[in-house]
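Written below as C-alpha cells is the structure these notes are about.
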Amino acid sequence: MPLFTTTIDDCKLIELPKIHNRAGNITPIHGGKEIPFDIKRVYYLYDVPGGESRGGHAHKELQQLIIAASGSFDVIISDGKNKRTFSLNRPYNALTIVPGIWRDIDNFSSGSICLVLASHEYDESDYIRDYSTYLNLRK
Ligand code: TYD
C-alpha cells in the first residue's frame with residue numbers, strides 16, 4: 001500500500017477574495033473558508049538571493065497554501081510521476097499543496113515575498129528531504 005496517494009492534480013491554484021478601493025487592495029483569508037484547512041502557522045520567505053531555490057522536500061501530513069505576497073517566483077510540484085510549474089505573481093492567487101507532493105521554489109524576483117499558510121506547526125519529522133526516499137515512498 002503506498003504511503004501517498006495524492007497527485008499534483010490535488011494541488012489547486014485558487015483565487016482569493018480581493019477588496020479593492022482607490023487606496024489599494026485587501027485580501028482576507030480565513031482557515032476553513034477560502035482554504036481547506038485550519039491555519040496553525042504562517043511563515044514567509046524573503047531576501048532570497050538571485051538564482052537560489054528553496055523547498056526541495058515533501059511533507060507527510062502538512063497542507064500548505066503558497067502566495068506571492070510581493071514579486072514573483074515559480075513553484076514546481078511533482079508526485080514522482082508528473083510535474084507542473086506554477087508561476088505565482090499576484091497576491092490574490094494561491095497554490096494549495098496537499099501532503100505527499102514534492103516541491104521546489106525558484107526563480108524568485110528581487111524583493112519577492114513567499115507567504116506560506118500551514119496546517120501544522122513546524123515538525124522536522126514531517127519532512128521528506130531525500131528525493132530517492134520520496135520516490136520509494138510513492139511506489
Ligand atoms: P525549510 O522548510 O527546509 O525551508 P524551505 O522549504 O523554505 O527551503 O526550513 C529551513 C530551516 O528553517 C529548517 O532548518 C527548519 C527551519 N524552520 C523552522 O524552524 N520553522 C518553520 O516554520 C520553517 C518553515 C522552517
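Here's how to read the names in the C-alpha cells: chain A, B, ... by the order shown, residue numbers from 1 in each chain, ligand numbers from 1 in the order shown.
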- Task: Would you list the contacts of segment 70-77 of chain A as a PyMOL selection string, taking every protein, DNA or RNA residue within 12 Å and counting only C-alpha atoms, but skipping same-chain residues closer than 6 positions in sequence?
- Result: chain A and resi 6-13+44-48+50-58+83-115
- Just list the residues in chain A DSSP gives strand (DSSP E or B) on the backbone, as a PyMOL selection string. chain A and resi 13-15+19-21+24-26+31+35+41-45+54-59+64-70+73-78+83-88+93-97+102-106+113-118+127-128
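Closest to ligand 1 among A:Asp126, A:Tyr43, A:Arg138, A:Asn82 is A:Tyr43, based on only C-alpha atoms and all ligand atoms.
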Got a sec: who's within 12 Å of Ile19 of chain A, counting only C-alpha atoms, leaving out chain neighbours fewer than 4 positions off, as a compact mmCIF listing (two decimals) with C-alpha atoms, in the first residue's frame?
# COMPACT_ATOMS: atom_id res chain seq x y z
CA ALA A 23 -6.31 53.37 -1.85
CA GLY A 24 -5.32 49.81 -2.63
CA ASN A 25 -6.38 46.21 -2.06
CA ILE A 26 -7.00 43.84 0.83
CA THR A 27 -7.08 40.06 0.62
CA PRO A 28 -8.55 38.37 3.71
CA ILE A 29 -8.00 34.65 4.35
CA PRO A 91 -1.07 38.46 -4.16
CA TYR A 92 -4.67 37.29 -4.67
- For ligand 1, the closest of A:Asp79, A:Val42, A:Ser132, A:Ile67 counting only C-alpha atoms and all ligand atoms is A:Val42
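In this structure, atom 11 (C, counted along the ligand's line) of ligand 1 sits 13.1 Å away from atom CA of Glu121 of chain A.
Compared by their closest atoms to ligand 1, and using only C-alpha atoms and all ligand atoms, the residues A:Ala69, A:Ile128, A:Leu137, A:Ile14 rank with A:Ile128 nearest.
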- Could you check how far atom CA of Gly32 of chain A sits from atom CA of Ile66 of chain A, in Å to one decimal? 15.5 Å
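Using only C-alpha atoms and all ligand atoms, the smallest distance between any of A:Tyr127, A:Tyr134, A:Tyr122, A:Phe37 and ligand 1 comes from A:Tyr122.
Distance annotation: of A:Ser125, A:Asn21, A:Ser119, A:Ser78, the residue with the minimal separation from Asp38 of chain A is A:Ser119; atom set is only C-alpha atoms.
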- Mind the document's chain letters and residue numbers, and return as number ranges by chain the residues of segment 3-138 of chain A that DSSP labels alpha helix (DSSP H). A: 131-138
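Take the candidates A:Leu16, A:Lys139, A:Thr133, A:Asp123 and check each one against ligand 1 using only C-alpha atoms and all ligand atoms; the shortest distance goes to A:Asp123.
Counting from atom 19 (O, counted along the ligand's line) of ligand 1, the distance to atom CA of Gly31 of chain A is 21.7 Å.
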